[in-house]
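A.B. asks: Got a structure for you, start-v4.txt, holding compact mmCIF, C-alpha atoms.
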```txt
# COMPACT_ATOMS: atom_id res chain seq x y z
CA PHE A 1 15.08 50.07 44.89
CA SER A 2 14.23 50.20 48.58
CA CYS A 3 14.93 46.49 48.93
CA LEU A 4 18.61 47.25 48.29
CA PHE A 5 19.35 48.91 51.62
CA HIS A 6 16.34 48.18 53.81
CA ASP A 7 15.25 45.11 55.71
CA ARG A 8 12.61 43.35 53.71
CA THR A 9 10.61 42.89 56.88
CA MET A 10 9.78 46.59 56.70
CA SER A 11 7.67 46.40 53.55
CA SER A 12 7.22 44.43 50.36
CA PRO A 13 7.42 47.07 47.66
CA GLN A 14 6.32 46.21 44.16
CA ILE A 15 9.07 48.04 42.36
CA PRO A 16 10.42 46.87 38.95
CA ALA A 17 13.84 45.18 39.02
CA TRP A 18 15.29 47.70 36.55
CA VAL A 19 14.91 50.41 39.18
CA HIS A 20 17.75 48.76 41.17
CA PHE A 21 20.08 49.43 38.26
CA ALA A 22 18.77 52.87 37.27
CA THR A 23 18.88 54.34 40.78
CA GLY A 24 22.28 52.84 41.54
CA GLY A 25 23.75 54.16 38.30
CA ALA A 26 22.28 57.63 38.83
CA GLY A 27 23.71 57.78 42.36
CA GLY A 28 27.10 56.58 41.16
CA ILE A 29 27.35 59.16 38.38
CA THR A 30 26.19 62.07 40.55
CA GLY A 31 28.56 61.17 43.36
CA TRP A 32 31.53 60.68 41.04
CA MET A 33 31.54 64.25 39.76
CA PHE A 34 32.76 65.44 43.18
CA VAL A 35 35.70 63.05 43.51
CA HIS A 36 37.16 62.58 40.02
CA PRO A 37 40.19 64.87 40.63
CA MET A 38 41.23 62.69 43.59
CA ASP A 39 41.05 59.61 41.36
CA VAL A 40 43.35 61.30 38.84
CA VAL A 41 45.85 62.11 41.63
CA LYS A 42 45.65 58.55 42.97
CA THR A 43 46.33 57.05 39.53
CA ARG A 44 49.28 59.37 38.85
CA MET A 45 50.86 58.51 42.22
CA GLN A 46 50.42 54.77 41.65
CA VAL A 47 52.00 54.90 38.20
CA MET A 48 54.95 56.95 39.50
CA GLY A 49 55.82 54.15 41.92
CA ALA A 50 58.87 54.83 44.09
CA ALA A 51 59.18 58.35 42.63
CA ALA A 52 55.92 59.27 44.36
CA LYS A 53 57.42 58.85 47.84
CA SER A 54 58.43 62.50 47.89
CA THR A 55 55.19 63.71 46.33
CA GLY A 56 52.20 64.55 48.50
CA THR A 57 48.55 64.70 47.55
CA VAL A 58 48.30 68.49 47.71
CA SER A 59 51.52 69.03 45.75
CA MET A 60 50.36 66.55 43.11
CA LEU A 61 47.02 68.36 42.79
CA ALA A 62 48.83 71.69 42.47
CA ASP A 63 51.28 70.29 39.90
CA ILE A 64 48.50 68.87 37.71
CA PHE A 65 46.53 72.12 37.93
CA LYS A 66 49.63 74.20 37.09
CA LYS A 67 50.65 72.13 34.07
CA GLU A 68 47.29 70.98 32.74
CA GLY A 69 44.67 73.22 34.32
CA VAL A 70 41.19 72.10 35.34
CA PRO A 71 40.93 69.75 32.31
CA GLY A 72 43.92 67.85 33.72
CA LEU A 73 42.09 67.27 37.01
CA TYR A 74 39.18 65.86 35.03
CA SER A 75 41.23 63.87 32.51
CA GLY A 76 39.51 60.62 31.64
CA LEU A 77 36.12 61.89 32.80
CA SER A 78 34.29 60.36 29.83
CA ALA A 79 35.75 56.96 30.71
CA ALA A 80 34.89 57.48 34.39
CA ILE A 81 31.27 58.30 33.55
CA MET A 82 31.09 55.28 31.28
CA ARG A 83 32.50 53.21 34.14
CA GLN A 84 29.71 54.44 36.42
CA ILE A 85 27.10 53.70 33.75
CA THR A 86 28.39 50.16 33.26
CA TYR A 87 30.25 48.96 36.37
CA THR A 88 28.51 50.82 39.20
CA THR A 89 25.07 50.37 37.68
CA SER A 90 25.71 46.64 37.25
CA ARG A 91 27.13 45.91 40.69
CA LEU A 92 24.55 47.92 42.65
CA GLY A 93 21.71 46.49 40.61
CA LEU A 94 23.01 42.91 40.78
CA TYR A 95 23.65 43.21 44.52
CA GLY A 96 19.99 43.84 45.26
CA VAL A 97 18.79 41.16 42.86
CA ILE A 98 21.21 38.47 44.10
CA ARG A 99 20.70 39.30 47.78
CA ASP A 100 16.95 39.02 47.49
CA ARG A 101 17.31 35.68 45.69
CA ILE A 102 19.51 33.98 48.28
CA ALA A 103 17.97 35.39 51.49
CA PRO A 104 14.84 33.60 52.77
CA PRO A 105 11.64 35.50 51.89
CA GLY A 106 10.47 37.80 54.68
CA LYS A 107 13.76 37.52 56.60
CA THR A 108 16.46 40.11 57.18
CA PRO A 109 19.52 39.12 55.08
CA THR A 110 22.45 37.85 57.13
CA MET A 111 26.01 39.15 56.90
CA LEU A 112 26.93 36.04 54.89
CA ASP A 113 24.09 36.77 52.44
CA ARG A 114 25.51 40.25 51.93
CA VAL A 115 29.08 39.01 51.52
CA ILE A 116 28.05 36.48 48.87
CA SER A 117 25.88 39.04 47.09
CA GLY A 118 28.60 41.68 47.12
CA ALA A 119 31.34 39.36 45.87
CA SER A 120 29.14 37.91 43.10
CA ALA A 121 27.84 41.28 41.92
CA GLY A 122 31.24 42.99 42.04
CA GLY A 123 33.15 40.21 40.29
CA SER A 124 30.59 39.85 37.51
CA ALA A 125 30.34 43.59 36.88
CA ALA A 126 34.14 44.06 36.85
CA MET A 127 34.75 41.28 34.34
CA LEU A 128 32.19 42.73 31.95
CA CYS A 129 33.43 46.31 32.35
CA ASN A 130 37.22 45.78 32.32
CA PRO A 131 37.64 47.38 28.85
CA VAL A 132 36.32 50.67 30.26
CA GLU A 133 38.66 50.32 33.26
CA VAL A 134 41.70 49.96 30.97
CA CYS A 135 40.69 53.11 29.07
CA LEU A 136 40.12 55.04 32.31
CA VAL A 137 43.53 54.42 33.89
CA ARG A 138 45.32 55.09 30.60
CA MET A 139 43.53 58.39 30.03
CA GLN A 140 44.15 59.53 33.61
CA SER A 141 47.86 58.67 33.59
CA ASP A 142 48.60 59.98 30.08
CA GLY A 143 49.43 63.50 31.24
CA ARG A 144 52.44 62.37 33.28
CA LEU A 145 54.18 60.84 30.23
CA PRO A 146 56.58 62.71 27.94
CA VAL A 147 54.68 64.34 25.07
CA GLU A 148 56.09 61.91 22.51
CA GLU A 149 54.95 58.88 24.54
CA ARG A 150 51.38 59.98 25.24
CA ARG A 151 48.51 58.05 23.73
CA ASN A 152 46.33 61.17 23.52
CA TYR A 153 42.99 59.41 23.50
CA LYS A 154 40.30 61.97 22.63
CA HIS A 155 37.53 60.27 24.60
CA ILE A 156 36.38 56.86 25.78
CA PHE A 157 35.21 55.67 22.37
CA ASP A 158 38.46 56.75 20.71
CA ALA A 159 40.36 54.80 23.37
CA LEU A 160 38.23 51.68 22.90
CA PHE A 161 38.67 51.80 19.11
CA ARG A 162 42.42 52.42 19.14
CA ILE A 163 43.15 49.77 21.75
CA ILE A 164 41.47 47.01 19.76
CA LYS A 165 42.99 48.31 16.51
CA ASP A 166 46.58 48.72 17.77
CA GLU A 167 46.88 46.09 20.50
CA GLY A 168 44.15 43.52 19.98
CA VAL A 169 40.96 42.62 21.81
CA LEU A 170 42.76 40.79 24.64
CA THR A 171 44.20 44.12 25.81
CA TYR A 172 40.68 45.02 26.91
CA TRP A 173 41.08 42.45 29.67
CA ARG A 174 44.64 43.28 30.71
CA GLY A 175 44.74 43.40 34.48
CA CYS A 176 41.34 41.70 34.66
CA ALA A 177 42.29 39.38 37.54
CA PRO A 178 43.24 42.13 40.01
CA THR A 179 40.32 44.23 38.76
CA VAL A 180 37.87 41.41 39.52
CA ALA A 181 39.56 40.68 42.88
CA ARG A 182 39.40 44.37 43.77
CA ALA A 183 35.77 44.61 42.68
CA MET A 184 34.79 41.66 44.87
CA VAL A 185 36.52 43.26 47.87
CA VAL A 186 34.97 46.64 47.02
CA SER A 187 31.42 45.35 46.67
CA VAL A 188 31.63 43.30 49.87
CA THR A 189 33.10 46.15 51.93
CA GLN A 190 31.37 49.11 50.27
CA VAL A 191 27.92 47.91 49.19
CA GLY A 192 27.54 44.98 51.58
CA GLY A 193 29.32 46.96 54.30
CA TYR A 194 27.01 49.94 53.94
CA ASP A 195 23.99 47.66 53.97
CA GLN A 196 25.18 45.82 57.10
CA ILE A 197 26.41 48.89 59.02
CA LYS A 198 23.18 50.73 58.30
CA THR A 199 21.20 47.75 59.61
CA TRP A 200 23.28 47.68 62.81
CA LEU A 201 22.83 51.41 63.34
CA LEU A 202 19.07 51.22 62.86
CA GLN A 203 18.82 48.21 65.18
CA SER A 204 20.85 50.03 67.86
CA GLY A 205 17.94 52.39 68.50
CA PHE A 206 20.20 55.45 68.36
CA PHE A 207 19.65 56.13 64.68
CA GLN A 208 16.72 56.70 62.39
CA ASP A 209 16.68 56.16 58.64
CA ASN A 210 17.83 59.69 57.80
CA LEU A 211 20.79 61.64 56.43
CA TYR A 212 22.83 61.26 59.63
CA CYS A 213 22.47 57.47 59.49
CA HIS A 214 23.34 57.41 55.78
CA LEU A 215 26.40 59.62 56.35
CA SER A 216 27.67 57.50 59.27
CA SER A 217 27.14 54.20 57.43
CA SER A 218 28.74 55.36 54.19
CA THR A 219 31.77 56.94 55.89
CA ALA A 220 32.55 53.75 57.82
CA ALA A 221 32.01 51.58 54.75
CA GLY A 222 34.19 53.91 52.64
CA PHE A 223 37.16 53.67 55.02
CA ILE A 224 37.01 49.87 55.26
CA TYR A 225 36.64 49.59 51.49
CA SER A 226 39.62 51.90 50.84
CA ALA A 227 42.01 50.07 53.16
CA ALA A 228 41.03 46.62 51.89
CA SER A 229 41.05 47.32 48.16
CA LEU A 230 43.99 49.69 47.54
CA PRO A 231 46.64 46.96 47.02
CA PHE A 232 44.49 45.45 44.27
CA ASP A 233 43.91 48.88 42.75
CA THR A 234 47.65 49.62 42.70
CA THR A 235 48.28 46.25 41.07
CA LYS A 236 45.69 46.67 38.31
CA THR A 237 46.88 50.22 37.60
CA ARG A 238 50.47 49.06 37.04
CA MET A 239 49.30 46.20 34.81
CA GLN A 240 46.93 48.30 32.73
CA THR A 241 49.21 51.28 32.11
CA GLN A 242 52.40 49.36 31.26
CA LYS A 243 53.84 49.21 27.77
CA ALA A 244 55.54 46.13 26.32
CA VAL A 245 59.34 46.31 26.02
CA ASP A 246 60.74 44.08 23.25
CA GLY A 247 57.38 42.35 23.17
CA LYS A 248 57.44 41.51 26.88
CA LEU A 249 55.42 42.89 29.78
CA LEU A 250 57.02 43.61 33.16
CA TYR A 251 53.86 42.75 35.10
CA THR A 252 52.24 39.47 34.09
CA GLY A 253 49.89 38.48 36.90
CA THR A 254 48.25 39.70 40.09
CA ALA A 255 50.46 37.86 42.58
CA GLN A 256 53.62 38.48 40.52
CA THR A 257 52.89 42.21 40.31
CA MET A 258 52.17 42.53 44.03
CA LYS A 259 55.34 40.63 44.88
CA MET A 260 57.47 42.73 42.54
CA ILE A 261 56.10 46.03 43.87
CA ALA A 262 56.62 44.92 47.49
CA LYS A 263 60.14 43.66 46.76
CA ASN A 264 61.37 46.65 44.75
CA GLU A 265 59.50 49.49 46.46
CA GLY A 266 58.46 48.14 49.85
CA VAL A 267 55.18 46.66 51.07
CA SER A 268 53.85 50.11 51.89
CA SER A 269 53.93 50.94 48.17
CA LEU A 270 50.88 48.73 47.74
CA TRP A 271 49.03 51.42 49.70
CA LYS A 272 50.62 54.23 47.69
CA GLY A 273 48.31 57.23 47.41
CA PHE A 274 46.00 56.17 50.27
CA LEU A 275 44.95 59.74 51.08
CA PRO A 276 43.71 60.59 47.57
CA TYR A 277 42.36 57.05 47.26
CA PHE A 278 40.31 57.48 50.44
CA GLY A 279 39.31 60.93 49.24
CA ARG A 280 38.10 59.31 46.05
CA CYS A 281 36.66 56.07 47.50
CA GLY A 282 35.38 57.41 50.80
CA GLY A 283 34.11 60.57 49.16
CA HIS A 284 32.39 58.67 46.39
CA THR A 285 30.91 56.16 48.83
CA VAL A 286 29.40 58.93 50.94
CA ALA A 287 28.15 60.98 47.99
CA MET A 288 26.90 57.95 46.07
CA PHE A 289 24.83 56.45 48.88
CA ILE A 290 23.41 59.80 49.95
CA PHE A 291 22.23 60.39 46.39
CA VAL A 292 21.09 56.77 46.05
CA GLU A 293 18.96 57.13 49.17
CA GLN A 294 17.43 60.34 47.81
CA TYR A 295 16.69 58.77 44.43
CA LYS A 296 15.28 55.75 46.26
CA ASN A 297 12.92 57.99 48.22
CA MET A 298 11.76 59.58 44.96
CA VAL A 299 11.05 56.13 43.52
CA ASN A 300 9.24 55.02 46.68
CA ASN A 301 7.07 58.11 46.55
CA PHE A 302 6.31 57.53 42.87
CA TYR A 303 5.25 53.93 43.52
CA GLY A 304 3.51 54.78 46.79
CA VAL A 305 5.86 52.66 48.88
CA LYS A 306 6.05 53.52 52.57
CA ALA A 307 8.19 51.90 55.28
CA VAL A 308 6.11 50.50 58.11
```
Is it possible to express this structure as structure tokens?

C.D. replies:
Amino acid sequence: FSCLFHDRTMSSPQIPAWVHFATGGAGGITGWMFVHPMDVVKTRMQVMGAAAKSTGTVSMLADIFKKEGVPGLYSGLSAAIMRQITYTTSRLGLYGVIRDRIAPPGKTPTMLDRVISGASAGGSAAMLCNPVEVCLVRMQSDGRLPVEERRNYKHIFDALFRIIKDEGVLTYWRGCAPTVARAMVVSVTQVGGYDQIKTWLLQSGFFQDNLYCHLSSSTAAGFIYSAASLPFDTTKTRMQTQKAVDGKLLYTGTAQTMKMIAKNEGVSSLWKGFLPYFGRCGGHTVAMFIFVEQYKNMVNNFYGVKAV
């Protein structure tokens, strides 16, 4: 896994390709446990739309805790874990594999190599994992609906079964376009960004490959990723949580949804819930890469790989 976030000029580790996926998935799952409540808050604020203008992050957290308790803050956790197992594992694993295929052997990957790798890995993983994404946003937003309108999915597998039974298989890919677009932006800015920023910091001579470097790189990457991807996240959330009225959907496409939100609620609504989103995205980016680096060190030690 060390080839994911290290220059390949440092060493040529003989580590199995599956380790890219296993270590990335383990880091993603571990890091997610700390930020799931912020993701629930972000989703609730996005679904509320204009009504969320008078609702702050702290008050939303307090309201969820008061009405639903701790389980409410962790609603949809089974879907979120499944998302980490599928989506995060896929995009982190594919990033390393693709990057090492397109960059010349023995050379440090360029920024363009990382952009292409991030976009390809993120888009592919998101398309495959969109069914889990649909389940996740529905389970997280269910608590804000009137009791009689709630879907009350018991867990991720119940959601997957009932969606295909009640709405058809195509519903699994509702909001797929903005999800894929968001994933491409996320992987370029988060995974590729972390990789590139870490390289710059190490090359500056002021940093060593340690926790301080990992924390600095992941924090910067998390902020860029949050600002760039939130409009796509807001769009996919609206598309995936909507219910058909008289057989028709209000939101029908990525551009149409963005335009409608901006027109009816203001352009700033596309960045609705930025604070909890950054808490979720920035927090997960920091936690994920710190854990990934630790798992990577464990793997390197197991295989006897040392940076030179």

A.B. asks: Near Trp32 (chain A), within 8 Å and counting only C-alpha atoms, which residues show up once chain neighbours fewer than 2 positions away are dropped, as a list in words?

C.D. replies: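 Contacts, with the query itself left out: Gly28, Ile29, Thr30, Phe34, Val35, His36, Ile81, Gln84, His284, Ala287 and Met288 of chain A.
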
A.B. asks: As an exercise, work out the distance from CA of Ile197 (chain A) to CA of Ser217 (chain A) in Å and give it to one decimal place.

C.D. replies: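 So the two atoms, CA of Ile197 (chain A) and CA of Ser217 (chain A), lie 5.6 Å apart.
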
A.B. asks: Would you give me, as JSON lines, each residue of region 53-161 of chain A having an atom within 9 Å of an atom of region 228-251 of chain A, along with its shortest atom pair and that distance in Å to one decimal, using only C-alpha atoms and sorting by chain and residue number?

C.D. replies:
```
{"residue": "A:Glu133", "atom": "CA", "partner": "A:Gln240", "partner_atom": "CA", "distance": 8.5}
{"residue": "A:Val134", "atom": "CA", "partner": "A:Gln240", "partner_atom": "CA", "distance": 5.8}
{"residue": "A:Cys135", "atom": "CA", "partner": "A:Gln240", "partner_atom": "CA", "distance": 8.7}
{"residue": "A:Val137", "atom": "CA", "partner": "A:Thr237", "partner_atom": "CA", "distance": 6.5}
{"residue": "A:Arg138", "atom": "CA", "partner": "A:Thr241", "partner_atom": "CA", "distance": 5.7}
{"residue": "A:Ser141", "atom": "CA", "partner": "A:Thr241", "partner_atom": "CA", "distance": 7.7}
{"residue": "A:Asp142", "atom": "CA", "partner": "A:Thr241", "partner_atom": "CA", "distance": 9.0}
```

A.B. asks: Edge lengths and centre in Å to one decimal, as AutoDock Vina command-line options, is what I'm after for the box along x, y and z that holds all listed atoms of region 196-203 of chain A once 4 Å is added on each side.

C.D. replies:
```
--center_x 22.6 --center_y 48.6 --center_z 61.1 --size_x 15.6 --size_y 13.6 --size_z 16.1
```

A.B. asks: With all atoms listed in the file as the basis for distance, which of A:Gly123, A:Met60, A:Gly175, A:Asn264 is at the shortest distance from Met45 (chain A)?

C.D. replies: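 For Met45 (chain A), the nearest of the candidates is A:Met60.
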
A.B. asks: If you count all atoms listed in the file, which residues fall within 7 Å of Gly93 (chain A), apart from same-chain ones fewer than 3 positions away, as a PyMOL selection string?

C.D. replies: chain A and resi 20-21+24+89-90+96-97

A.B. asks: Kindly export the residues of the current selection with C-alpha atoms, as a short mmCIF file (atom, residue, chain, number, x, y, z; two decimals), in the coordinates of the input.

C.D. replies:
```cif
data_model
loop_
_atom_site.label_atom_id
_atom_site.label_comp_id
_atom_site.auth_asym_id
_atom_site.auth_seq_id
_atom_site.Cartn_x
_atom_site.Cartn_y
_atom_site.Cartn_z
CA HIS A 20 17.75 48.76 41.17
CA PHE A 21 20.08 49.43 38.26
CA GLY A 24 22.28 52.84 41.54
CA THR A 89 25.07 50.37 37.68
CA SER A 90 25.71 46.64 37.25
CA GLY A 96 19.99 43.84 45.26
CA VAL A 97 18.79 41.16 42.86
#
```

A.B. asks: So that I can see what lies close to Met127 (chain A), please list as a JSON list (two decimals) with C-alpha atoms, in the coordinates of the input the residues with an atom at most 9 Å from it, counting only C-alpha atoms and leaving out residues fewer than 3 positions away in the same chain.

C.D. replies:
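selection.json, freshly written:
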```json
[["chain", "number", "residue", "atom", "x", "y", "z"],
["A", 122, "GLY", "CA", 31.24, 42.99, 42.04],
["A", 123, "GLY", "CA", 33.15, 40.21, 40.29],
["A", 124, "SER", "CA", 30.59, 39.85, 37.51],
["A", 130, "ASN", "CA", 37.22, 45.78, 32.32],
["A", 131, "PRO", "CA", 37.64, 47.38, 28.85],
["A", 173, "TRP", "CA", 41.08, 42.45, 29.67],
["A", 176, "CYS", "CA", 41.34, 41.70, 34.66],
["A", 177, "ALA", "CA", 42.29, 39.38, 37.54],
["A", 179, "THR", "CA", 40.32, 44.23, 38.76],
["A", 180, "VAL", "CA", 37.87, 41.41, 39.52]]
```

A.B. asks: Please provide the set of residues having any atom within 10 Å of Tyr153 (chain A), restricted to only C-alpha atoms, with same-chain residues fewer than 4 positions apart removed, written as a VMD selection string.

C.D. replies: chain A and resid 76 135 138 to 139 142 157 to 163

A.B. asks: Record the distance separating CA of Arg182 (chain A) and CA of Tyr74 (chain A), expressed in Å with one decimal.

C.D. replies: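 One can read the CA of Arg182 (chain A) to CA of Tyr74 (chain A) distance as 23.2 Å.
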